[in-house]
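Q: Handing you this structure, nothing more for now.
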Amino acid sequence: MNILVTVDSNYISPLKVMLKSLFINNIEEEFTIYLLYSRLKDNELDDLKSFVSKHDNKLEAIKIGDNYFNDAPTLMHYTKEMYYRLLAFKFLPQELDKILYLDPDILVINKIIDLYNIDIENYLFAAAYHNKIYIREINRLRLSPYEIDKYYNSGVLVMNLNLQRNIIDEKHIFDFVRKNKSKLIMPDQDILNALYSKSIKSIDEILYNYDARFYNYYKILSSGEIDMDYVINNTIILHFCGKKKPWHKKYSGKFHSLYKHYEKIALA
């Protein structure tokens with residue numbers, strides 16, 4: 001199974017926690033982790049390779065040189081790295097036809113094979129959208145005149161690499177950023193939605209991109225069905241969206257203890 005990650009030095013520890021949760025809850029699977037990076041140090045790469053190999057899996061590190069994206073517009077604290085997941089098909093081996101992108105701020109707490117095997121033959125991506133009316137309407141207005149029915153989260157993406165190679169043009173992406181600089185809040189996610197939302201297959205957010213901030217919201221909306229037992233036994237991916245992260249000292253949330261459990265065994 002092919003997994004894509006993109007990190008810098010600040011996210012190495014969270015990446016290890018995510019990978020640990022993936023490996024121990026999918027022990028029967030063999031993973032090749034493709035890492036796109038530009039500024040990791042040799043000792044950091046060696047450490048990650050050792051970490052992955054200890055779990056009988058493989059890390060393929062692909063360095064993106066400084067010459068790439070020289071013409072790409074950047075925004076405030078968003079650097080060239082924001083393009084990596086959208087244009088990963090340029091750098092990944094050409095024989096790969098599918099890959100699953102995972103943000104480092106998630107836990108994989110159940111088997112992931114059904115998500116990986118989802119049929120996306122006619123789609124560029126599969127992704128979940130967080131179905132909250134106010135979020136959907138704000139993003140629709142903010143990214144007008146682009147027709148966005150659903151605003152997808154880019155933290156979990158099943159990627160149809162063959163179709164992306166045929167359709168996605170980096171010049172279109174760069175032009176979009178130049179024209180919309182003042183509107184972009186989450187640049188890579190905004191690009192994904194404005195340009196490609198009609199070519200994204202929707203997947204269940206509760207199963208595959210559960211926003212850990214909204215436990216009470218999900219529970220109330222489901223009349224109590226989606227409670228802690230349901231999440232632990234059914235949800236595959238817990239996503240710690242937002243600025244507050246579970247590895248921060250002052251973080252608090254329903255799944256903080258669960259994250260600390262995985263953090264302890266990953267970083268021991």
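Naming works like this for the structure tokens: A, B, ... for the chains as they're shown, residue 1 at the start of each chain, ligands 1 onward in shown order.
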Within 9 Å of range 10-16 of chain A, counting only C-alpha atoms, which residues qualify if same-chain residues fewer than 3 places away don't, as an MDAnalysis selection string?
A: chainID A and resid 5 7 19:21 44 48 51:52 103:106 247 263 266:267
Q: Looking only at the backbone, which of the residues in range 106-199 of chain A does DSSP tag as strand (DSSP E), as a ChimeraX atom specification?
A: /A:106-108,125-127,156-160
Q: Since we have the selection now, will you write its residues out, keeping C-alpha atoms, as a PDB file, in the first residue's frame?
A:
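Output (result.pdb):
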ATOM      1  CA  ILE A 106      -4.044  12.341  12.409  1.00  0.00           C
ATOM      2  CA  LEU A 107      -4.402   8.961  14.054  1.00  0.00           C
ATOM      3  CA  VAL A 108      -5.312   5.847  12.085  1.00  0.00           C
ATOM      4  CA  PHE A 125      -9.268  12.442  -5.709  1.00  0.00           C
ATOM      5  CA  ALA A 126     -11.452  10.963  -3.015  1.00  0.00           C
ATOM      6  CA  ALA A 127     -11.880  13.144   0.055  1.00  0.00           C
ATOM      7  CA  VAL A 156      -6.839  12.749   3.688  1.00  0.00           C
ATOM      8  CA  LEU A 157      -6.753  12.230  -0.079  1.00  0.00           C
ATOM      9  CA  VAL A 158      -6.975   9.091  -2.160  1.00  0.00           C
ATOM     10  CA  MET A 159      -5.183  10.165  -5.321  1.00  0.00           C
ATOM     11  CA  ASN A 160      -5.705   8.868  -8.868  1.00  0.00           C
TER      12      ASN A 160
END
Q: Got a sec: who's within 9 Å of Tyr196 in chain A, counting only C-alpha atoms, leaving out chain neighbours fewer than 5 positions off, as a tab-separated table (two decimals) with C-alpha atoms, in the first residue's frame?
A:
chain	number	residue	atom	x	y	z
A	124	LEU	CA	-8.89	12.86	-9.47
A	125	PHE	CA	-9.27	12.44	-5.71
A	168	ILE	CA	-3.80	18.71	-13.71
A	191	ILE	CA	-6.88	25.31	-4.71
Q: In terms of the shortest atom-to-atom distance over only C-alpha atoms, which of A:Leu35, A:Ile112, A:Leu40, A:Ile206 is closest to Leu22 in chain A?
A: A:Ile112
